[in-house]
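Containing mmCIF, N, CA and C atoms: run.cif.
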```cif
data_entry
#
loop_
_atom_site.label_atom_id
_atom_site.label_comp_id
_atom_site.auth_asym_id
_atom_site.auth_seq_id
_atom_site.Cartn_x
_atom_site.Cartn_y
_atom_site.Cartn_z
N MET S 1323 138.46 9.15 8.97
CA MET S 1323 139.45 9.67 9.89
C MET S 1323 139.31 11.19 9.94
N HIS S 1324 139.39 11.73 11.10
CA HIS S 1324 139.28 13.17 11.27
C HIS S 1324 140.56 13.87 10.81
N ARG S 1325 140.39 14.99 10.15
CA ARG S 1325 141.53 15.77 9.65
C ARG S 1325 142.46 16.19 10.79
N LYS S 1326 141.90 16.51 11.96
CA LYS S 1326 142.71 16.91 13.11
C LYS S 1326 143.64 15.78 13.55
N ILE S 1327 143.15 14.58 13.55
CA ILE S 1327 143.98 13.43 13.92
C ILE S 1327 145.10 13.26 12.90
N GLU S 1328 144.76 13.33 11.62
CA GLU S 1328 145.78 13.19 10.58
C GLU S 1328 146.87 14.25 10.71
N LEU S 1329 146.47 15.49 10.93
CA LEU S 1329 147.46 16.57 11.09
C LEU S 1329 148.35 16.34 12.30
N THR S 1330 147.78 15.88 13.40
CA THR S 1330 148.56 15.59 14.60
C THR S 1330 149.58 14.49 14.35
N VAL S 1331 149.15 13.43 13.67
CA VAL S 1331 150.04 12.30 13.38
C VAL S 1331 151.18 12.75 12.46
N ARG S 1332 150.86 13.52 11.45
CA ARG S 1332 151.88 13.99 10.51
C ARG S 1332 152.87 14.95 11.19
N ARG S 1333 152.36 15.83 12.02
CA ARG S 1333 153.24 16.77 12.74
C ARG S 1333 154.19 16.00 13.67
N ARG S 1334 153.65 15.04 14.37
CA ARG S 1334 154.46 14.23 15.29
C ARG S 1334 155.56 13.49 14.55
N ALA S 1335 155.30 13.02 13.34
CA ALA S 1335 156.29 12.26 12.56
C ALA S 1335 157.42 13.15 12.05
N GLY S 1336 157.17 14.43 11.95
CA GLY S 1336 158.24 15.33 11.52
C GLY S 1336 158.68 15.16 10.08
N GLY S 1337 157.77 14.69 9.22
CA GLY S 1337 158.11 14.60 7.80
C GLY S 1337 158.91 13.38 7.39
N ILE S 1338 158.91 12.34 8.23
CA ILE S 1338 159.64 11.12 7.88
C ILE S 1338 158.77 9.88 8.11
N CYS S 1339 159.14 8.80 7.44
CA CYS S 1339 158.53 7.50 7.72
C CYS S 1339 158.96 7.11 9.12
N GLU S 1340 158.02 6.74 9.95
CA GLU S 1340 158.34 6.41 11.34
C GLU S 1340 158.97 5.02 11.49
N TYR S 1341 159.05 4.27 10.41
CA TYR S 1341 159.69 2.96 10.45
C TYR S 1341 161.12 3.02 9.88
N CYS S 1342 161.26 3.54 8.65
CA CYS S 1342 162.59 3.53 8.01
C CYS S 1342 163.25 4.90 7.92
N ARG S 1343 162.55 5.94 8.37
CA ARG S 1343 163.07 7.31 8.43
C ARG S 1343 163.24 7.99 7.07
N LEU S 1344 162.69 7.43 6.00
CA LEU S 1344 162.77 8.07 4.69
C LEU S 1344 162.03 9.40 4.74
N PRO S 1345 162.63 10.46 4.21
CA PRO S 1345 161.96 11.77 4.22
C PRO S 1345 160.74 11.80 3.29
N GLU S 1346 159.63 12.26 3.80
CA GLU S 1346 158.41 12.38 3.00
C GLU S 1346 158.58 13.39 1.88
N SER S 1347 159.47 14.35 2.06
CA SER S 1347 159.68 15.39 1.06
C SER S 1347 160.19 14.83 -0.27
N LEU S 1348 160.66 13.59 -0.29
CA LEU S 1348 161.15 12.97 -1.53
C LEU S 1348 160.01 12.42 -2.39
N SER S 1349 158.82 12.44 -1.85
CA SER S 1349 157.67 11.87 -2.55
C SER S 1349 156.80 12.97 -3.16
N HIS S 1350 156.18 12.65 -4.27
CA HIS S 1350 155.24 13.58 -4.89
C HIS S 1350 153.91 13.60 -4.14
N LEU S 1351 153.64 12.55 -3.38
CA LEU S 1351 152.39 12.42 -2.65
C LEU S 1351 152.69 12.28 -1.16
N PRO S 1352 151.76 12.68 -0.32
CA PRO S 1352 151.96 12.46 1.13
C PRO S 1352 152.08 10.97 1.43
N PHE S 1353 152.94 10.63 2.38
CA PHE S 1353 153.04 9.24 2.81
C PHE S 1353 151.72 8.82 3.45
N PRO S 1354 151.35 7.54 3.29
CA PRO S 1354 150.11 7.07 3.90
C PRO S 1354 150.24 6.98 5.42
N LEU S 1355 149.09 6.98 6.08
CA LEU S 1355 149.06 6.73 7.51
C LEU S 1355 148.85 5.23 7.71
N ASP S 1356 149.68 4.65 8.53
CA ASP S 1356 149.64 3.23 8.84
C ASP S 1356 148.90 3.02 10.15
N HIS S 1357 148.01 2.04 10.17
CA HIS S 1357 147.43 1.59 11.44
C HIS S 1357 148.46 0.64 12.06
N VAL S 1358 149.10 1.04 13.14
CA VAL S 1358 150.12 0.22 13.78
C VAL S 1358 149.52 -1.15 14.09
N ILE S 1359 148.37 -1.15 14.74
CA ILE S 1359 147.57 -2.37 14.89
C ILE S 1359 146.46 -2.24 13.85
N ALA S 1360 146.47 -3.11 12.86
CA ALA S 1360 145.52 -3.02 11.75
C ALA S 1360 144.09 -3.08 12.24
N ARG S 1361 143.22 -2.44 11.47
CA ARG S 1361 141.80 -2.43 11.83
C ARG S 1361 141.25 -3.85 11.93
N GLN S 1362 141.72 -4.75 11.09
CA GLN S 1362 141.20 -6.12 11.14
C GLN S 1362 141.62 -6.84 12.42
N HIS S 1363 142.57 -6.27 13.15
CA HIS S 1363 142.98 -6.82 14.45
C HIS S 1363 142.43 -5.98 15.60
N GLY S 1364 141.49 -5.09 15.30
CA GLY S 1364 140.87 -4.27 16.33
C GLY S 1364 141.49 -2.90 16.51
N GLY S 1365 142.46 -2.55 15.68
CA GLY S 1365 143.10 -1.24 15.77
C GLY S 1365 142.14 -0.14 15.34
N GLN S 1366 142.25 0.99 15.98
CA GLN S 1366 141.38 2.13 15.70
C GLN S 1366 142.14 3.22 14.95
N SER S 1367 141.40 4.14 14.35
CA SER S 1367 142.00 5.29 13.66
C SER S 1367 142.18 6.43 14.65
N THR S 1368 143.08 6.20 15.61
CA THR S 1368 143.34 7.18 16.66
C THR S 1368 144.80 7.60 16.60
N GLU S 1369 145.10 8.73 17.23
CA GLU S 1369 146.48 9.22 17.26
C GLU S 1369 147.44 8.17 17.82
N ASP S 1370 146.96 7.40 18.79
CA ASP S 1370 147.81 6.40 19.44
C ASP S 1370 148.06 5.16 18.58
N ASN S 1371 147.32 5.03 17.48
CA ASN S 1371 147.47 3.84 16.65
C ASN S 1371 147.82 4.16 15.19
N LEU S 1372 148.15 5.40 14.92
CA LEU S 1372 148.50 5.79 13.56
C LEU S 1372 149.95 6.25 13.50
N ALA S 1373 150.60 5.92 12.39
CA ALA S 1373 151.99 6.34 12.15
C ALA S 1373 152.14 6.66 10.68
N VAL S 1374 153.03 7.57 10.37
CA VAL S 1374 153.36 7.88 8.98
C VAL S 1374 154.33 6.80 8.49
N ALA S 1375 154.02 6.24 7.32
CA ALA S 1375 154.85 5.18 6.77
C ALA S 1375 155.10 5.46 5.29
N CYS S 1376 156.30 5.17 4.83
CA CYS S 1376 156.57 5.32 3.40
C CYS S 1376 155.71 4.31 2.64
N PRO S 1377 155.40 4.59 1.39
CA PRO S 1377 154.49 3.71 0.65
C PRO S 1377 154.97 2.26 0.55
N GLU S 1378 156.26 2.06 0.26
CA GLU S 1378 156.74 0.68 0.10
C GLU S 1378 156.72 -0.08 1.43
N GLY S 1379 157.15 0.58 2.49
CA GLY S 1379 157.11 -0.07 3.80
C GLY S 1379 155.68 -0.37 4.23
N ASN S 1380 154.78 0.56 3.96
CA ASN S 1380 153.38 0.36 4.32
C ASN S 1380 152.78 -0.80 3.54
N LEU S 1381 153.13 -0.90 2.26
CA LEU S 1381 152.63 -2.00 1.43
C LEU S 1381 153.12 -3.34 1.97
N HIS S 1382 154.39 -3.42 2.35
CA HIS S 1382 154.94 -4.67 2.86
C HIS S 1382 154.41 -5.01 4.24
N LYS S 1383 154.24 -4.01 5.08
CA LYS S 1383 153.73 -4.26 6.43
C LYS S 1383 152.30 -4.76 6.39
N GLY S 1384 151.49 -4.12 5.54
CA GLY S 1384 150.10 -4.53 5.44
C GLY S 1384 149.44 -4.60 6.82
N PRO S 1385 148.65 -5.64 7.08
CA PRO S 1385 148.00 -5.76 8.38
C PRO S 1385 148.84 -6.51 9.42
N ASN S 1386 150.10 -6.80 9.08
CA ASN S 1386 150.94 -7.56 10.01
C ASN S 1386 151.16 -6.81 11.31
N ILE S 1387 151.12 -7.52 12.40
CA ILE S 1387 151.47 -6.97 13.71
C ILE S 1387 152.64 -7.75 14.31
N SER S 1388 153.06 -8.79 13.60
CA SER S 1388 154.21 -9.58 14.03
C SER S 1388 154.82 -10.25 12.81
N GLY S 1389 155.93 -10.91 13.05
CA GLY S 1389 156.62 -11.64 11.99
C GLY S 1389 157.61 -12.59 12.63
N ILE S 1390 158.40 -13.23 11.82
CA ILE S 1390 159.42 -14.17 12.30
C ILE S 1390 160.77 -13.46 12.32
N ASP S 1391 161.40 -13.42 13.48
CA ASP S 1391 162.74 -12.84 13.61
C ASP S 1391 163.68 -13.67 12.74
N PRO S 1392 164.34 -13.04 11.75
CA PRO S 1392 165.21 -13.81 10.86
C PRO S 1392 166.40 -14.45 11.57
N LYS S 1393 166.76 -13.97 12.73
CA LYS S 1393 167.91 -14.53 13.46
C LYS S 1393 167.49 -15.70 14.34
N THR S 1394 166.44 -15.52 15.13
CA THR S 1394 166.05 -16.55 16.10
C THR S 1394 164.93 -17.45 15.62
N ARG S 1395 164.24 -17.03 14.54
CA ARG S 1395 163.07 -17.72 13.98
C ARG S 1395 161.88 -17.70 14.94
N ALA S 1396 161.91 -16.84 15.95
CA ALA S 1396 160.80 -16.72 16.91
C ALA S 1396 159.77 -15.72 16.40
N LEU S 1397 158.51 -16.00 16.69
CA LEU S 1397 157.44 -15.06 16.37
C LEU S 1397 157.65 -13.81 17.23
N THR S 1398 157.69 -12.64 16.60
CA THR S 1398 158.05 -11.40 17.28
C THR S 1398 157.15 -10.28 16.80
N ARG S 1399 156.71 -9.45 17.74
CA ARG S 1399 155.87 -8.31 17.34
C ARG S 1399 156.71 -7.31 16.56
N LEU S 1400 156.03 -6.49 15.78
CA LEU S 1400 156.70 -5.46 15.00
C LEU S 1400 156.94 -4.21 15.84
N PHE S 1401 157.84 -3.39 15.38
CA PHE S 1401 158.13 -2.09 15.99
C PHE S 1401 156.86 -1.26 16.03
N ASN S 1402 156.63 -0.65 17.17
CA ASN S 1402 155.47 0.22 17.34
C ASN S 1402 155.99 1.63 17.63
N PRO S 1403 155.88 2.54 16.66
CA PRO S 1403 156.41 3.88 16.86
C PRO S 1403 155.76 4.65 18.01
N ARG S 1404 154.63 4.19 18.47
CA ARG S 1404 153.95 4.87 19.58
C ARG S 1404 154.52 4.48 20.94
N ILE S 1405 155.14 3.32 21.04
CA ILE S 1405 155.64 2.88 22.35
C ILE S 1405 157.12 2.51 22.36
N ASP S 1406 157.72 2.32 21.19
CA ASP S 1406 159.11 1.89 21.10
C ASP S 1406 160.03 3.04 20.72
N ASP S 1407 161.25 2.98 21.20
CA ASP S 1407 162.28 3.96 20.88
C ASP S 1407 163.06 3.45 19.66
N TRP S 1408 163.01 4.21 18.55
CA TRP S 1408 163.64 3.79 17.31
C TRP S 1408 165.11 3.46 17.51
N LYS S 1409 165.84 4.27 18.24
CA LYS S 1409 167.28 4.08 18.41
C LYS S 1409 167.64 2.82 19.19
N ILE S 1410 166.72 2.33 19.97
CA ILE S 1410 166.96 1.06 20.68
C ILE S 1410 166.86 -0.11 19.71
N HIS S 1411 165.96 -0.02 18.76
CA HIS S 1411 165.67 -1.15 17.88
C HIS S 1411 166.38 -1.13 16.54
N PHE S 1412 166.88 0.05 16.12
CA PHE S 1412 167.50 0.16 14.79
C PHE S 1412 168.77 1.00 14.85
N ARG S 1413 169.59 0.79 13.82
CA ARG S 1413 170.75 1.65 13.59
C ARG S 1413 171.03 1.60 12.09
N TRP S 1414 171.85 2.55 11.65
CA TRP S 1414 172.25 2.59 10.24
C TRP S 1414 173.65 2.03 10.07
N ASP S 1415 173.85 1.24 9.04
CA ASP S 1415 175.17 0.82 8.57
C ASP S 1415 175.23 1.29 7.13
N GLY S 1416 175.67 2.54 6.96
CA GLY S 1416 175.56 3.16 5.65
C GLY S 1416 174.09 3.30 5.30
N ALA S 1417 173.70 2.78 4.14
CA ALA S 1417 172.31 2.87 3.70
C ALA S 1417 171.48 1.65 4.13
N ILE S 1418 172.07 0.77 4.91
CA ILE S 1418 171.38 -0.44 5.37
C ILE S 1418 170.77 -0.18 6.74
N LEU S 1419 169.48 -0.50 6.88
CA LEU S 1419 168.81 -0.42 8.16
C LEU S 1419 169.08 -1.74 8.89
N VAL S 1420 169.68 -1.64 10.07
CA VAL S 1420 170.04 -2.83 10.84
C VAL S 1420 169.16 -2.90 12.08
N GLY S 1421 168.51 -4.04 12.26
CA GLY S 1421 167.73 -4.26 13.47
C GLY S 1421 168.66 -4.64 14.61
N ARG S 1422 168.63 -3.89 15.68
CA ARG S 1422 169.46 -4.17 16.86
C ARG S 1422 168.85 -5.24 17.76
N THR S 1423 167.53 -5.37 17.70
CA THR S 1423 166.78 -6.26 18.58
C THR S 1423 165.92 -7.19 17.74
N ALA S 1424 165.29 -8.15 18.38
CA ALA S 1424 164.36 -9.03 17.65
C ALA S 1424 163.26 -8.20 17.00
N ILE S 1425 162.74 -7.22 17.70
CA ILE S 1425 161.70 -6.35 17.14
C ILE S 1425 162.24 -5.59 15.93
N GLY S 1426 163.43 -5.05 16.03
CA GLY S 1426 164.03 -4.33 14.92
C GLY S 1426 164.29 -5.23 13.73
N ARG S 1427 164.88 -6.40 13.97
CA ARG S 1427 165.18 -7.32 12.87
C ARG S 1427 163.89 -7.78 12.18
N THR S 1428 162.90 -8.11 12.97
CA THR S 1428 161.64 -8.59 12.40
C THR S 1428 160.97 -7.50 11.58
N THR S 1429 160.94 -6.28 12.11
CA THR S 1429 160.32 -5.17 11.39
C THR S 1429 161.07 -4.87 10.11
N GLU S 1430 162.38 -4.80 10.19
CA GLU S 1430 163.20 -4.53 8.99
C GLU S 1430 162.90 -5.57 7.92
N TYR S 1431 162.76 -6.81 8.31
CA TYR S 1431 162.48 -7.88 7.36
C TYR S 1431 161.07 -7.76 6.79
N VAL S 1432 160.07 -7.58 7.64
CA VAL S 1432 158.68 -7.54 7.19
C VAL S 1432 158.43 -6.35 6.26
N ILE S 1433 158.99 -5.19 6.57
CA ILE S 1433 158.75 -4.02 5.71
C ILE S 1433 159.71 -3.96 4.52
N ALA S 1434 160.56 -4.97 4.38
CA ALA S 1434 161.52 -5.05 3.26
C ALA S 1434 162.36 -3.78 3.17
N ALA S 1435 162.83 -3.33 4.32
CA ALA S 1435 163.57 -2.07 4.40
C ALA S 1435 164.86 -2.08 3.61
N ASN S 1436 165.43 -3.25 3.39
CA ASN S 1436 166.72 -3.32 2.70
C ASN S 1436 166.62 -3.96 1.32
N SER S 1437 165.47 -3.78 0.68
CA SER S 1437 165.37 -4.24 -0.71
C SER S 1437 166.38 -3.44 -1.53
N ALA S 1438 166.79 -3.99 -2.64
CA ALA S 1438 167.80 -3.34 -3.46
C ALA S 1438 167.39 -1.92 -3.85
N SER S 1439 166.14 -1.73 -4.20
CA SER S 1439 165.70 -0.40 -4.63
C SER S 1439 165.71 0.60 -3.48
N ARG S 1440 165.35 0.15 -2.29
CA ARG S 1440 165.32 1.07 -1.15
C ARG S 1440 166.73 1.42 -0.69
N VAL S 1441 167.65 0.47 -0.72
CA VAL S 1441 169.04 0.75 -0.36
C VAL S 1441 169.66 1.70 -1.39
N ALA S 1442 169.36 1.48 -2.66
CA ALA S 1442 169.89 2.37 -3.71
C ALA S 1442 169.35 3.78 -3.52
N LEU S 1443 168.07 3.91 -3.20
CA LEU S 1443 167.48 5.23 -2.97
C LEU S 1443 168.15 5.91 -1.78
N ARG S 1444 168.30 5.19 -0.68
CA ARG S 1444 168.95 5.78 0.50
C ARG S 1444 170.39 6.15 0.21
N SER S 1445 171.10 5.32 -0.54
CA SER S 1445 172.49 5.66 -0.90
C SER S 1445 172.54 6.95 -1.68
N ALA S 1446 171.65 7.10 -2.64
CA ALA S 1446 171.63 8.30 -3.45
C ALA S 1446 171.31 9.55 -2.63
N ILE S 1447 170.33 9.44 -1.76
CA ILE S 1447 169.98 10.64 -0.98
C ILE S 1447 170.99 10.91 0.14
N MET S 1448 171.71 9.88 0.55
CA MET S 1448 172.81 10.11 1.50
C MET S 1448 173.92 10.89 0.81
N GLN S 1449 174.25 10.51 -0.43
CA GLN S 1449 175.29 11.22 -1.16
C GLN S 1449 174.91 12.67 -1.42
N ALA S 1450 173.60 12.92 -1.53
CA ALA S 1450 173.12 14.30 -1.72
C ALA S 1450 172.98 15.05 -0.41
N GLY S 1451 173.29 14.38 0.71
CA GLY S 1451 173.20 15.02 2.01
C GLY S 1451 171.79 15.18 2.54
N LEU S 1452 170.86 14.38 2.03
CA LEU S 1452 169.46 14.49 2.43
C LEU S 1452 169.00 13.39 3.39
N PHE S 1453 169.92 12.52 3.79
CA PHE S 1453 169.55 11.38 4.64
C PHE S 1453 170.76 10.92 5.40
N PRO S 1454 170.70 10.40 6.60
CA PRO S 1454 169.50 10.36 7.44
C PRO S 1454 169.34 11.67 8.07
#
```

Could you write out this structure as structure tokens?
Amino acid sequence: MHRKIELTVRRRAGGICEYCRLPESLSHLPFPLDHVIARQHGGQSTEDNLAVACPEGNLHKGPNISGIDPKTRALTRLFNPRIDDWKIHFRWDGAILVGRTAIGRTTEYVIAANSASRVALRSAIMQAGLFP
């Protein structure tokens, strides 16, 4: 991957995970770049297909490009930060990330956004005034 592409993607993200909005500044290491469409599905290492993702969300997302909506049980594509508006698909209920749409619910579930450890972390940084 070209350094210029990486810098552009990181600048565009504004220092946050583009899926769960966790601040990158809380990490000792830079957040990884996620292939929105995984390379094994034909995704390229281009600005249009890369997003900054927190390590835990990136690990859970893996090469997935879809999942099962926990509400409707329908196969649903995941949130794409390059084409989707975050506020349409997600909202906060305290430290809980709530999917507003099938895409939001499916993504929240696949990336395990509301695991106990992630909710506890968000609660703590909310109390410190560092989130969202």

Please evaluate the PyMOL selection byres (((chain S and resi 1339-1354 and name CA) around 6) and name CA) against the structure above and give the resulting residues as a ChimeraX atom specification.
/S:1337-1338,1355,1374-1376

I need the residue nearest Pro1377 of chain S from this list: S:Gly1336, S:Asp1356, S:Lys1326, S:Asp1407. Use only C-alpha atoms for the distance.
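Closest residue, counting only C-alpha atoms: S:Asp1356.
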
Per DSSP on the backbone, filter segment 1326-1449 of chain S down to the residues in helix (DSSP H, G or I) and report them as number ranges by chain.
S: 1326-1335, 1346-1348, 1361-1363, 1369-1371, 1377-1383, 1408-1411, 1424-1432, 1438-1449

Those in segment 1345-1429 of chain S with strand (DSSP E) from DSSP, as a list of chain:residue names:
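The residues of segment 1345-1429 of chain S classed as strand (DSSP E) are S:Leu1355, S:Asp1356, S:His1357, S:Leu1372, S:Ala1373, S:Val1374, S:Ser1388, S:Gly1389, S:Ile1390, S:Leu1397, S:Thr1398, S:Arg1399, S:Phe1412, S:Arg1413, S:Trp1414, S:Asp1415, S:Ile1418, S:Leu1419, S:Val1420, S:Gly1421.
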
Could you list, as a list in words, every residue matched by the PyMOL selection byres (((chain S and resi 1390 and name CA) around 9) and name CA) in this structure?
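The output of the PyMOL selection byres (((chain S and resi 1390 and name CA) around 9) and name CA) on this file is Ser1388, Gly1389, Asp1391, Pro1392, Lys1393, Thr1394, Arg1395, Ala1396, Leu1397, Thr1398, Arg1399, Ala1424, Arg1427, Thr1428, Tyr1431 and Val1432 of chain S.
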
Taking N, CA and C atoms for each residue, export the selection above as a PDB file, keeping the file's coordinate frame.
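For reference, selection-v3.pdb as written:
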```pdb
ATOM      1  N   SER S1388     153.060  -8.790  13.600  1.00  0.00           N
ATOM      2  CA  SER S1388     154.210  -9.580  14.030  1.00  0.00           C
ATOM      3  C   SER S1388     154.820 -10.250  12.810  1.00  0.00           C
ATOM      4  N   GLY S1389     155.930 -10.910  13.050  1.00  0.00           N
ATOM      5  CA  GLY S1389     156.620 -11.640  11.990  1.00  0.00           C
ATOM      6  C   GLY S1389     157.610 -12.590  12.630  1.00  0.00           C
ATOM      7  N   ASP S1391     161.400 -13.420  13.480  1.00  0.00           N
ATOM      8  CA  ASP S1391     162.740 -12.840  13.610  1.00  0.00           C
ATOM      9  C   ASP S1391     163.680 -13.670  12.740  1.00  0.00           C
ATOM     10  N   PRO S1392     164.340 -13.040  11.750  1.00  0.00           N
ATOM     11  CA  PRO S1392     165.210 -13.810  10.860  1.00  0.00           C
ATOM     12  C   PRO S1392     166.400 -14.450  11.570  1.00  0.00           C
ATOM     13  N   LYS S1393     166.760 -13.970  12.730  1.00  0.00           N
ATOM     14  CA  LYS S1393     167.910 -14.530  13.460  1.00  0.00           C
ATOM     15  C   LYS S1393     167.490 -15.700  14.340  1.00  0.00           C
ATOM     16  N   THR S1394     166.440 -15.520  15.130  1.00  0.00           N
ATOM     17  CA  THR S1394     166.050 -16.550  16.100  1.00  0.00           C
ATOM     18  C   THR S1394     164.930 -17.450  15.620  1.00  0.00           C
ATOM     19  N   ARG S1395     164.240 -17.030  14.540  1.00  0.00           N
ATOM     20  CA  ARG S1395     163.070 -17.720  13.980  1.00  0.00           C
ATOM     21  C   ARG S1395     161.880 -17.700  14.940  1.00  0.00           C
ATOM     22  N   ALA S1396     161.910 -16.840  15.950  1.00  0.00           N
ATOM     23  CA  ALA S1396     160.800 -16.720  16.910  1.00  0.00           C
ATOM     24  C   ALA S1396     159.770 -15.720  16.400  1.00  0.00           C
ATOM     25  N   LEU S1397     158.510 -16.000  16.690  1.00  0.00           N
ATOM     26  CA  LEU S1397     157.440 -15.060  16.370  1.00  0.00           C
ATOM     27  C   LEU S1397     157.650 -13.810  17.230  1.00  0.00           C
ATOM     28  N   THR S1398     157.690 -12.640  16.600  1.00  0.00           N
ATOM     29  CA  THR S1398     158.050 -11.400  17.280  1.00  0.00           C
ATOM     30  C   THR S1398     157.150 -10.280  16.800  1.00  0.00           C
ATOM     31  N   ARG S1399     156.710  -9.450  17.740  1.00  0.00           N
ATOM     32  CA  ARG S1399     155.870  -8.310  17.340  1.00  0.00           C
ATOM     33  C   ARG S1399     156.710  -7.310  16.560  1.00  0.00           C
ATOM     34  N   ALA S1424     165.290  -8.150  18.380  1.00  0.00           N
ATOM     35  CA  ALA S1424     164.360  -9.030  17.650  1.00  0.00           C
ATOM     36  C   ALA S1424     163.260  -8.200  17.000  1.00  0.00           C
ATOM     37  N   ARG S1427     164.880  -6.400  13.970  1.00  0.00           N
ATOM     38  CA  ARG S1427     165.180  -7.320  12.870  1.00  0.00           C
ATOM     39  C   ARG S1427     163.890  -7.780  12.180  1.00  0.00           C
ATOM     40  N   THR S1428     162.900  -8.110  12.970  1.00  0.00           N
ATOM     41  CA  THR S1428     161.640  -8.590  12.400  1.00  0.00           C
ATOM     42  C   THR S1428     160.970  -7.500  11.580  1.00  0.00           C
ATOM     43  N   TYR S1431     162.760  -6.810   8.310  1.00  0.00           N
ATOM     44  CA  TYR S1431     162.480  -7.880   7.360  1.00  0.00           C
ATOM     45  C   TYR S1431     161.070  -7.760   6.790  1.00  0.00           C
ATOM     46  N   VAL S1432     160.070  -7.580   7.640  1.00  0.00           N
ATOM     47  CA  VAL S1432     158.680  -7.540   7.190  1.00  0.00           C
ATOM     48  C   VAL S1432     158.430  -6.350   6.260  1.00  0.00           C
TER      49      VAL S1432
END
```

Just the residues within 9 Å of Asn1371 of chain S, please, counting only C-alpha atoms, with nothing from its chain fewer than 5 positions along; format it as a list in words.
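The filter keeps Asp1356, His1357, Val1358, Ile1359, Ala1360, Gly1365, Gln1366, Asn1402, Pro1403 and Arg1404 of chain S.
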
Written as number ranges by chain, what is the full residue list that the PyMOL selection byres (((chain S and resi 1454 and name CA) around 12) and name CA) yields on the file shown?
S: 1338-1339, 1342-1345, 1413-1419, 1443-1453

Any chance you can output those residues with N, CA and C atoms as a compact mmCIF listing (two decimals), in the frame of the given file?
```txt
# COMPACT_ATOMS: atom_id res chain seq x y z
N ILE S 1338 158.91 12.34 8.23
CA ILE S 1338 159.64 11.12 7.88
C ILE S 1338 158.77 9.88 8.11
N CYS S 1339 159.14 8.80 7.44
CA CYS S 1339 158.53 7.50 7.72
C CYS S 1339 158.96 7.11 9.12
N CYS S 1342 161.26 3.54 8.65
CA CYS S 1342 162.59 3.53 8.01
C CYS S 1342 163.25 4.90 7.92
N ARG S 1343 162.55 5.94 8.37
CA ARG S 1343 163.07 7.31 8.43
C ARG S 1343 163.24 7.99 7.07
N LEU S 1344 162.69 7.43 6.00
CA LEU S 1344 162.77 8.07 4.69
C LEU S 1344 162.03 9.40 4.74
N PRO S 1345 162.63 10.46 4.21
CA PRO S 1345 161.96 11.77 4.22
C PRO S 1345 160.74 11.80 3.29
N ARG S 1413 169.59 0.79 13.82
CA ARG S 1413 170.75 1.65 13.59
C ARG S 1413 171.03 1.60 12.09
N TRP S 1414 171.85 2.55 11.65
CA TRP S 1414 172.25 2.59 10.24
C TRP S 1414 173.65 2.03 10.07
N ASP S 1415 173.85 1.24 9.04
CA ASP S 1415 175.17 0.82 8.57
C ASP S 1415 175.23 1.29 7.13
N GLY S 1416 175.67 2.54 6.96
CA GLY S 1416 175.56 3.16 5.65
C GLY S 1416 174.09 3.30 5.30
N ALA S 1417 173.70 2.78 4.14
CA ALA S 1417 172.31 2.87 3.70
C ALA S 1417 171.48 1.65 4.13
N ILE S 1418 172.07 0.77 4.91
CA ILE S 1418 171.38 -0.44 5.37
C ILE S 1418 170.77 -0.18 6.74
N LEU S 1419 169.48 -0.50 6.88
CA LEU S 1419 168.81 -0.42 8.16
C LEU S 1419 169.08 -1.74 8.89
N LEU S 1443 168.07 3.91 -3.20
CA LEU S 1443 167.48 5.23 -2.97
C LEU S 1443 168.15 5.91 -1.78
N ARG S 1444 168.30 5.19 -0.68
CA ARG S 1444 168.95 5.78 0.50
C ARG S 1444 170.39 6.15 0.21
N SER S 1445 171.10 5.32 -0.54
CA SER S 1445 172.49 5.66 -0.90
C SER S 1445 172.54 6.95 -1.68
N ALA S 1446 171.65 7.10 -2.64
CA ALA S 1446 171.63 8.30 -3.45
C ALA S 1446 171.31 9.55 -2.63
N ILE S 1447 170.33 9.44 -1.76
CA ILE S 1447 169.98 10.64 -0.98
C ILE S 1447 170.99 10.91 0.14
N MET S 1448 171.71 9.88 0.55
CA MET S 1448 172.81 10.11 1.50
C MET S 1448 173.92 10.89 0.81
N GLN S 1449 174.25 10.51 -0.43
CA GLN S 1449 175.29 11.22 -1.16
C GLN S 1449 174.91 12.67 -1.42
N ALA S 1450 173.60 12.92 -1.53
CA ALA S 1450 173.12 14.30 -1.72
C ALA S 1450 172.98 15.05 -0.41
N GLY S 1451 173.29 14.38 0.71
CA GLY S 1451 173.20 15.02 2.01
C GLY S 1451 171.79 15.18 2.54
N LEU S 1452 170.86 14.38 2.03
CA LEU S 1452 169.46 14.49 2.43
C LEU S 1452 169.00 13.39 3.39
N PHE S 1453 169.92 12.52 3.79
CA PHE S 1453 169.55 11.38 4.64
C PHE S 1453 170.76 10.92 5.40
```

Find the distance between atom N of Asn1386 of chain S and atom C of Ala1442 of chain S and write it in Å to one decimal.
25.3 Å

Which residues come within 8 Å of Glu1328 of chain S, counting all atoms listed in the file, excluding same-chain residues fewer than 4 positions away, as a CSV table (one decimal) with N, CA and C atoms, in the coordinates of the input?
```csv
chain,number,residue,atom,x,y,z
S,1323,MET,N,138.5,9.2,9.0
S,1323,MET,CA,139.4,9.7,9.9
S,1323,MET,C,139.3,11.2,9.9
S,1324,HIS,N,139.4,11.7,11.1
S,1324,HIS,CA,139.3,13.2,11.3
S,1324,HIS,C,140.6,13.9,10.8
S,1332,ARG,N,150.9,13.5,11.4
S,1332,ARG,CA,151.9,14.0,10.5
S,1332,ARG,C,152.9,15.0,11.2
S,1333,ARG,N,152.4,15.8,12.0
S,1333,ARG,CA,153.2,16.8,12.7
S,1333,ARG,C,154.2,16.0,13.7
S,1334,ARG,N,153.6,15.0,14.4
S,1334,ARG,CA,154.5,14.2,15.3
S,1334,ARG,C,155.6,13.5,14.6
S,1355,LEU,N,149.1,7.0,6.1
S,1355,LEU,CA,149.1,6.7,7.5
S,1355,LEU,C,148.8,5.2,7.7
S,1367,SER,N,141.4,4.1,14.4
S,1367,SER,CA,142.0,5.3,13.7
S,1367,SER,C,142.2,6.4,14.6
S,1368,THR,N,143.1,6.2,15.6
S,1368,THR,CA,143.3,7.2,16.7
S,1368,THR,C,144.8,7.6,16.6
S,1369,GLU,N,145.1,8.7,17.2
S,1369,GLU,CA,146.5,9.2,17.3
S,1369,GLU,C,147.4,8.2,17.8
```
